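Enquirer: If it helps, the file is called data-v3.txt and holds compact mmCIF, C-alpha atoms:
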```txt
# COMPACT_ATOMS: atom_id res chain seq x y z
CA MET A 47 -1.87 -4.65 -0.93
CA ILE A 48 0.42 -4.33 -3.93
CA ARG A 49 3.61 -2.44 -4.64
CA LEU A 50 2.89 1.09 -5.77
CA PRO A 51 4.76 2.66 -8.69
CA GLU A 52 7.41 5.23 -7.83
CA LYS A 53 7.05 8.86 -8.78
CA ASP A 54 9.24 11.75 -7.79
CA LEU A 55 8.20 15.23 -6.77
CA PRO A 56 9.06 18.41 -8.66
CA GLU A 57 12.27 20.01 -7.43
CA ALA A 58 10.49 22.94 -5.73
CA ALA A 59 8.26 20.62 -3.70
CA ARG A 60 11.21 18.41 -2.72
CA ARG A 61 13.16 21.42 -1.50
CA ARG A 62 10.22 22.73 0.52
CA LEU A 63 9.63 19.37 2.23
CA ALA A 64 13.35 19.06 2.99
CA SER A 65 13.38 22.55 4.51
CA TRP A 66 10.42 21.78 6.74
CA GLN A 67 12.02 18.51 7.78
CA SER A 68 15.27 20.29 8.67
CA ASP A 69 13.35 22.64 10.95
CA VAL A 70 11.90 19.70 12.87
CA ASP A 71 15.22 17.83 13.01
CA ALA A 72 16.97 20.90 14.46
CA LEU A 73 14.95 20.76 17.68
CA THR A 74 16.76 19.48 20.73
CA SER A 75 14.62 16.72 22.23
CA HIS A 76 12.57 13.88 20.77
CA ALA A 77 9.47 15.17 22.57
CA GLU A 78 9.90 18.60 20.98
CA ARG A 79 10.34 17.06 17.55
CA VAL A 80 7.17 14.97 17.96
CA ARG A 81 5.10 17.98 19.04
CA GLU A 82 6.40 20.14 16.21
CA ALA A 83 5.97 17.34 13.66
CA ARG A 84 2.29 17.05 14.59
CA LEU A 85 1.72 20.80 14.54
CA ARG A 86 3.60 21.61 11.36
CA PHE A 87 2.13 18.73 9.38
CA ARG A 88 -1.39 19.72 10.41
CA GLN A 89 -0.75 23.35 9.46
CA ARG A 90 0.69 22.54 6.03
CA ASN A 91 -1.39 19.58 4.96
CA THR A 92 -4.19 21.73 3.55
CA SER A 93 -5.69 22.51 0.18
CA ARG A 94 -4.29 26.03 0.48
CA ASN A 95 -0.69 24.87 0.68
CA ALA A 96 0.84 24.74 -2.81
CA THR A 97 3.38 22.07 -1.85
CA PHE A 98 0.77 19.70 -0.48
CA VAL A 99 -1.45 20.25 -3.49
CA VAL A 100 1.44 18.78 -5.52
CA VAL A 101 2.05 16.03 -2.95
CA ARG A 102 -1.58 14.92 -3.05
CA GLN A 103 -1.62 14.91 -6.84
CA ARG A 104 1.48 12.71 -6.95
CA LEU A 105 -0.02 10.37 -4.33
CA THR A 106 -3.16 10.14 -6.45
CA ASP A 107 -0.98 9.11 -9.40
CA LEU A 108 0.44 6.27 -7.30
CA CYS A 109 -2.96 4.85 -6.38
CA SER A 110 -4.42 1.77 -8.00
CA GLY A 111 -7.72 2.25 -9.77
CA ALA A 112 -9.70 5.41 -9.10
CA ARG A 113 -7.57 6.69 -6.20
CA ARG A 114 -7.90 3.50 -4.17
CA CYS A 115 -6.29 3.11 -0.75
CA GLY A 116 -2.66 2.00 -0.82
CA TYR A 117 -3.36 -0.62 1.85
CA CYS A 118 -6.79 -2.19 1.23
CA GLU A 119 -7.17 -1.19 -2.48
CA ASP A 120 -10.91 -0.84 -1.89
CA SER A 121 -12.02 2.44 -0.36
CA GLY A 122 -11.32 5.92 -1.68
CA ALA A 123 -7.99 7.31 -0.47
CA ASP A 124 -8.31 10.77 1.05
CA GLU A 125 -5.84 10.81 3.96
CA ILE A 126 -2.05 11.04 3.89
CA ASP A 127 -0.71 8.25 6.05
CA HIS A 128 2.83 8.16 7.41
CA ILE A 129 4.08 4.60 6.93
CA TRP A 130 6.58 5.27 9.73
CA PRO A 131 4.24 7.10 12.16
CA LYS A 132 5.16 10.74 12.66
CA ASP A 133 4.45 10.50 16.41
CA LEU A 134 7.21 7.89 16.69
CA TYR A 135 9.54 9.01 13.90
CA PRO A 136 9.30 12.81 13.58
CA GLU A 137 12.45 12.67 11.44
CA GLN A 138 10.20 11.30 8.67
CA VAL A 139 7.23 13.64 9.01
CA PHE A 140 7.96 15.41 5.71
CA ALA A 141 9.74 12.54 3.94
CA TRP A 142 8.10 12.01 0.53
CA ARG A 143 8.86 8.29 0.60
CA ASN A 144 7.00 8.01 3.90
CA PHE A 145 3.70 9.28 2.49
CA LEU A 146 0.93 6.98 1.31
CA TYR A 147 -2.65 7.79 0.32
CA ALA A 148 -4.97 5.73 2.53
CA CYS A 149 -8.65 5.51 3.28
CA GLY A 150 -10.01 6.59 6.64
CA GLY A 151 -10.73 3.00 7.67
CA CYS A 152 -7.15 1.82 7.18
CA ASN A 153 -5.67 4.99 8.65
CA VAL A 154 -7.77 4.64 11.81
CA ALA A 155 -6.99 0.92 12.08
CA LYS A 156 -3.26 1.57 11.74
CA ARG A 157 -3.04 4.74 13.87
CA ASP A 158 0.48 4.82 15.34
CA ALA A 159 0.93 1.06 15.39
CA PHE A 160 4.45 0.04 14.48
CA ALA A 161 6.87 -2.75 15.32
CA VAL A 162 10.51 -3.55 14.63
CA PHE A 163 12.88 -6.49 14.77
CA PRO A 164 15.58 -5.29 17.18
CA GLY A 165 19.02 -6.58 16.26
CA ARG A 166 18.87 -10.13 14.88
CA ALA A 167 15.61 -11.02 16.60
CA ARG A 168 12.96 -12.96 14.70
CA SER A 169 10.18 -11.70 16.95
CA LEU A 170 8.65 -8.27 16.55
CA LEU A 171 8.80 -5.64 19.24
CA GLU A 172 5.82 -3.27 19.19
CA VAL A 173 7.02 0.31 19.61
CA GLY A 174 3.74 2.23 19.58
CA ARG A 175 2.86 4.25 22.65
CA THR A 176 -0.20 5.72 24.35
CA HIS A 177 -0.70 9.36 25.33
CA ARG A 178 0.43 8.44 28.86
CA ASP A 179 3.82 7.07 27.81
CA VAL A 180 6.98 9.12 28.03
CA MET A 181 8.06 10.35 24.59
CA ARG A 182 11.30 8.47 24.04
CA PRO A 183 12.76 7.57 20.64
CA PRO A 184 11.68 4.05 19.65
CA PRO A 185 14.38 1.38 19.47
CA ALA A 186 16.12 0.87 16.15
CA GLY A 187 15.32 -2.14 14.03
CA VAL A 188 13.95 -3.54 10.78
CA PRO A 189 10.28 -2.51 10.40
CA GLY A 190 7.54 -5.09 10.74
CA LEU A 191 4.88 -3.31 8.69
CA ILE A 192 4.99 -4.05 4.96
CA ASP A 193 5.76 -0.89 2.97
CA PRO A 194 3.95 -0.91 -0.42
CA ARG A 195 5.99 2.10 -1.52
CA GLY A 196 9.34 0.43 -0.99
CA GLU A 197 8.79 -3.31 -1.45
CA ASP A 198 6.54 -5.84 -3.14
CA PRO A 199 3.95 -7.04 -0.59
CA MET A 200 3.16 -10.03 -2.80
CA GLU A 201 6.54 -11.50 -1.91
CA LEU A 202 5.21 -11.89 1.63
CA LEU A 203 1.48 -12.29 1.05
CA GLY A 204 -0.65 -14.80 -0.81
CA LEU A 205 -4.36 -14.52 -1.62
CA ASP A 206 -6.73 -17.47 -1.34
CA LEU A 207 -8.60 -17.57 -4.66
CA LEU A 208 -10.41 -20.81 -3.83
CA GLY A 209 -13.14 -19.38 -1.65
CA THR A 210 -12.14 -17.18 1.28
CA PHE A 211 -10.29 -14.44 -0.64
CA ARG A 212 -8.28 -13.78 2.49
CA PHE A 213 -4.63 -12.78 2.54
CA LEU A 214 -2.26 -15.32 4.08
CA PRO A 215 1.44 -15.11 5.00
CA LEU A 216 3.58 -16.91 2.42
CA GLY A 217 6.58 -17.57 4.64
CA LYS A 218 7.11 -20.26 7.22
CA LYS A 219 6.13 -19.67 10.81
CA GLY A 220 9.06 -18.46 12.85
CA THR A 221 10.58 -16.46 10.01
CA ARG A 222 10.69 -12.69 9.76
CA GLY A 223 8.69 -12.81 6.56
CA TYR A 224 5.84 -14.67 8.23
CA ALA A 225 5.90 -12.32 11.22
CA ARG A 226 5.81 -9.23 9.00
CA ALA A 227 2.92 -10.56 6.92
CA ALA A 228 0.88 -11.59 9.96
CA TYR A 229 1.56 -8.28 11.70
CA SER A 230 0.56 -6.21 8.67
CA LEU A 231 -2.64 -8.19 8.17
CA ARG A 232 -3.58 -7.76 11.81
CA VAL A 233 -2.77 -4.07 12.13
CA LEU A 234 -4.44 -3.04 8.87
CA GLN A 235 -7.32 -5.51 9.27
CA LEU A 236 -6.94 -6.52 5.63
CA ASN A 237 -9.13 -9.60 5.98
CA ARG A 238 -12.27 -7.83 7.18
CA GLU A 239 -15.40 -9.16 5.50
CA VAL A 240 -16.11 -6.15 3.31
CA LEU A 241 -12.69 -6.61 1.69
CA THR A 242 -12.98 -10.35 1.11
CA VAL A 243 -16.36 -9.78 -0.56
CA ALA A 244 -14.88 -7.05 -2.78
CA ARG A 245 -11.96 -9.31 -3.76
CA ARG A 246 -14.33 -12.12 -4.69
CA GLU A 247 -16.28 -9.75 -6.94
CA ALA A 248 -13.02 -8.45 -8.44
CA PHE A 249 -11.95 -12.02 -9.22
CA PHE A 250 -15.09 -12.75 -11.25
CA SER A 251 -14.81 -9.38 -12.98
CA TYR A 252 -11.18 -9.99 -13.96
CA ARG A 253 -12.01 -13.48 -15.20
CA ALA A 254 -14.92 -12.18 -17.30
CA ARG A 255 -12.78 -9.44 -18.82
CA LEU A 256 -10.04 -11.90 -19.67
CA ALA A 257 -12.60 -14.26 -21.24
CA GLU A 258 -13.94 -11.35 -23.31
CA TYR A 259 -10.41 -10.54 -24.46
CA VAL A 260 -9.82 -14.18 -25.48
CA SER A 261 -13.13 -14.25 -27.36
CA LEU A 262 -12.25 -11.08 -29.26
CA LYS A 263 -8.77 -12.37 -29.99
CA GLU A 264 -10.17 -15.59 -31.45
CA ARG A 265 -12.47 -13.54 -33.69
CA ASP A 266 -9.52 -11.48 -34.96
CA ALA A 267 -10.75 -8.26 -33.39
CA SER A 268 -8.89 -5.04 -34.07
CA ALA A 269 -5.79 -4.12 -32.12
CA LYS A 270 -7.70 -1.12 -30.73
CA ASP A 271 -10.51 -3.30 -29.35
CA LEU A 272 -8.02 -5.65 -27.74
CA ALA A 273 -6.04 -2.76 -26.28
CA LEU A 274 -9.19 -1.35 -24.67
CA ARG A 275 -9.78 -4.68 -22.89
CA VAL A 276 -6.19 -4.77 -21.66
CA GLN A 277 -6.50 -1.23 -20.31
CA ALA A 278 -9.74 -2.15 -18.53
CA ILE A 279 -7.93 -4.95 -16.70
CA GLN A 280 -4.91 -2.82 -15.88
CA ARG A 281 -7.07 -0.04 -14.42
CA ALA A 282 -9.51 -2.23 -12.49
CA SER A 283 -9.77 -2.21 -8.70
CA HIS A 284 -8.06 -4.71 -6.41
CA PRO A 285 -5.00 -5.29 -8.62
CA THR A 286 -3.68 -7.77 -6.04
CA VAL A 287 -6.43 -10.15 -7.17
CA TRP A 288 -5.19 -9.95 -10.76
CA ARG A 289 -1.60 -10.41 -9.65
CA GLU A 290 -2.55 -13.55 -7.74
CA MET A 291 -4.52 -14.85 -10.71
CA GLN A 292 -1.38 -14.49 -12.82
CA ARG A 293 0.69 -16.24 -10.19
CA MET A 294 -1.74 -19.13 -9.61
CA GLN A 295 -3.20 -19.63 -13.09
CA LYS A 296 -1.41 -22.94 -13.69
CA HIS A 297 -3.05 -24.43 -10.59
CA LEU A 298 -6.64 -23.33 -11.29
CA PRO A 299 -8.36 -25.00 -14.27
CA GLN A 300 -10.81 -22.11 -14.67
CA LEU A 301 -7.87 -19.77 -15.25
CA ARG A 302 -5.36 -22.09 -16.89
CA ALA A 303 -7.33 -22.38 -20.13
CA LEU A 304 -7.78 -18.63 -20.45
CA PHE A 305 -4.14 -17.80 -19.84
CA ARG A 306 -3.09 -20.56 -22.24
CA LYS A 307 -5.08 -18.82 -24.96
CA ALA A 308 -3.74 -15.41 -23.96
CA PRO A 309 -0.24 -15.93 -22.53
CA GLU A 310 0.45 -12.22 -23.07
CA ALA A 311 -1.89 -11.55 -20.13
CA LEU A 312 0.83 -12.77 -17.78
CA ALA A 313 2.69 -9.52 -18.46
CA TRP A 314 -0.22 -7.13 -17.94
```
Write the structure described by the file as structure tokens, please.

Expert:
Amino acid sequence: MIRLPEKDLPEAARRRLASWQSDVDALTSHAERVREARLRFRQRNTSRNATFVVVRQRLTDLCSGARRCGYCEDSGADEIDHIWPKDLYPEQVFAWRNFLYACGGCNVAKRDAFAVFPGRARSLLEVGRTHRDVMRPPPAGVPGLIDPRGEDPMELLGLDLLGTFRFLPLGKKGTRGYARAAYSLRVLQLNREVLTVARREAFFSYRARLAEYVSLKERDASAKDLALRVQAIQRASHPTVWREMQRMQKHLPQLRALFRKAPEALAW
């Protein structure tokens, strides 16, 4: 998971989303707002709706690689996920900043899971509910789930490049940062085997592409040839792997020599 670039919507699409959101917010009870949020989102999130055609195109532009999932970076993203679940927070059902393109696997794993830190607590309170629970507004608090549209997940997560290729919390146990990282990894199942295998393959691919760039640079290749190699790295899948390679290159001999010969790669 890596921070996604920010893109705004055209004015017409922003106005239409805001109008739909106002209609939901005007309803009297939380239960009514939840029911209408579900219904209206389902009705409008179609290929026939001009506003959501624009929304989906902008979400595609945010994706890493060839429309990769905003959470796992691996599978194709084809579902609009609400970072703050619409069944808990209907006031964000049409909020552009609450949309993220996700794959079906991550969307199913996440469902309506959500947790907050109430008040000054360091422990997370899960606020999801089942279909049997009374529809009450969830308690206020700082969210536990990492938001790749609004923050840099790599400030909370590290990636083990020495063998497991699993994400790990960077913070100390007992801190909010550790709790948020652990919660996000658990809810999104970001360390499932298919993902660790894909990250391992991405690591070797990134390293080979960087080695090719260094080789071309040492042979005084043209600026165009070098630029093509840089673009290949910047557009490759699993960009979190590349980000961690940049961060850890001084500690890994197999990377240190390459980055020493191409220090400009630290800025790619």

Enquirer: Pick the closest to Cys118 in chain A from A:Arg90, A:Arg255, A:Arg178, A:Arg238: which is it, counting all atoms listed in the file?

Expert: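 Among A:Arg90, A:Arg255, A:Arg178, A:Arg238, it is A:Arg238 that comes nearest to Cys118 in chain A.
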
Enquirer: For a cutoff of 10 Å around the file-coordinate point (-11.0, 5.5, 0.0), which residues qualify once you count all atoms listed in the file? I'd like the result as an MDAnalysis selection string.

Expert: chainID A and resid 112:125 147:152

Enquirer: Include C-alpha atoms and write out the residues we just selected as a PDB file, keeping the file's coordinate frame.

Expert:
```
ATOM      1  CA  ALA A 112      -9.700   5.410  -9.100  1.00  0.00           C
ATOM      2  CA  ARG A 113      -7.570   6.690  -6.200  1.00  0.00           C
ATOM      3  CA  ARG A 114      -7.900   3.500  -4.170  1.00  0.00           C
ATOM      4  CA  CYS A 115      -6.290   3.110  -0.750  1.00  0.00           C
ATOM      5  CA  GLY A 116      -2.660   2.000  -0.820  1.00  0.00           C
ATOM      6  CA  TYR A 117      -3.360  -0.620   1.850  1.00  0.00           C
ATOM      7  CA  CYS A 118      -6.790  -2.190   1.230  1.00  0.00           C
ATOM      8  CA  GLU A 119      -7.170  -1.190  -2.480  1.00  0.00           C
ATOM      9  CA  ASP A 120     -10.910  -0.840  -1.890  1.00  0.00           C
ATOM     10  CA  SER A 121     -12.020   2.440  -0.360  1.00  0.00           C
ATOM     11  CA  GLY A 122     -11.320   5.920  -1.680  1.00  0.00           C
ATOM     12  CA  ALA A 123      -7.990   7.310  -0.470  1.00  0.00           C
ATOM     13  CA  ASP A 124      -8.310  10.770   1.050  1.00  0.00           C
ATOM     14  CA  GLU A 125      -5.840  10.810   3.960  1.00  0.00           C
ATOM     15  CA  TYR A 147      -2.650   7.790   0.320  1.00  0.00           C
ATOM     16  CA  ALA A 148      -4.970   5.730   2.530  1.00  0.00           C
ATOM     17  CA  CYS A 149      -8.650   5.510   3.280  1.00  0.00           C
ATOM     18  CA  GLY A 150     -10.010   6.590   6.640  1.00  0.00           C
ATOM     19  CA  GLY A 151     -10.730   3.000   7.670  1.00  0.00           C
ATOM     20  CA  CYS A 152      -7.150   1.820   7.180  1.00  0.00           C
TER      21      CYS A 152
END
```

Enquirer: Using all atoms listed in the file, which of A:Val139, A:Ala96, A:Ser268, A:Met47 sits nearest Leu214 in chain A?

Expert: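 Closest residue, counting all atoms listed in the file: A:Met47.
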
Enquirer: Provide the CA of Leu73 in chain A to CA of Pro164 in chain A distance in Å, to one decimal place.

Expert: 26.1 Å

Enquirer: If you measure from CA of Val233 in chain A to CA of Lys156 in chain A, what distance in Å do you get, rounded to one decimal?

Expert: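 Going from CA of Val233 in chain A over to CA of Lys156 in chain A covers 5.7 Å.
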
Enquirer: Enter the distance from CA of Leu272 in chain A to CA of Val287 in chain A, in Å, rounded to one decimal.

Expert: 21.1 Å

Enquirer: Any idea what's packed within 12 Å of Glu264 in chain A, counting all atoms listed in the file, ignoring anything in its chain fewer than 4 positions away? Could you give it as a PyMOL selection string?

Expert: chain A and resi 257-260+268+272+304+307-308

Enquirer: Smallest atom-to-atom distance to Val173 in chain A: which of A:Asp127, A:Asp206, A:Asp158, A:Glu82, using all atoms listed in the file?

Expert: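 For Val173 in chain A, the nearest of the candidates is A:Asp158.
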
Enquirer: Could you tell me which of A:Arg49, A:Arg79, A:Arg275, A:Arg94 comes closest to Arg253 in chain A if we count all atoms listed in the file?

Expert: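 Smallest separation from Arg253 in chain A among the options: A:Arg275.
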
Enquirer: Would you give me, as a Markdown table, each residue of range 74-94 of chain A having an atom within 9 Å of an atom of range 181-199 of chain A, along with its shortest atom pair and that distance in Å to one decimal, using all atoms listed in the file and sorting by chain and residue number?

Expert:
```
| residue | atom | partner | partner_atom | distance |
| --- | --- | --- | --- | --- |
| A:His76 | CA | A:Pro183 | CA | 6.3 |
| A:Ala77 | CA | A:Met181 | CA | 5.4 |
| A:Val80 | CA | A:Met181 | CA | 8.1 |
```
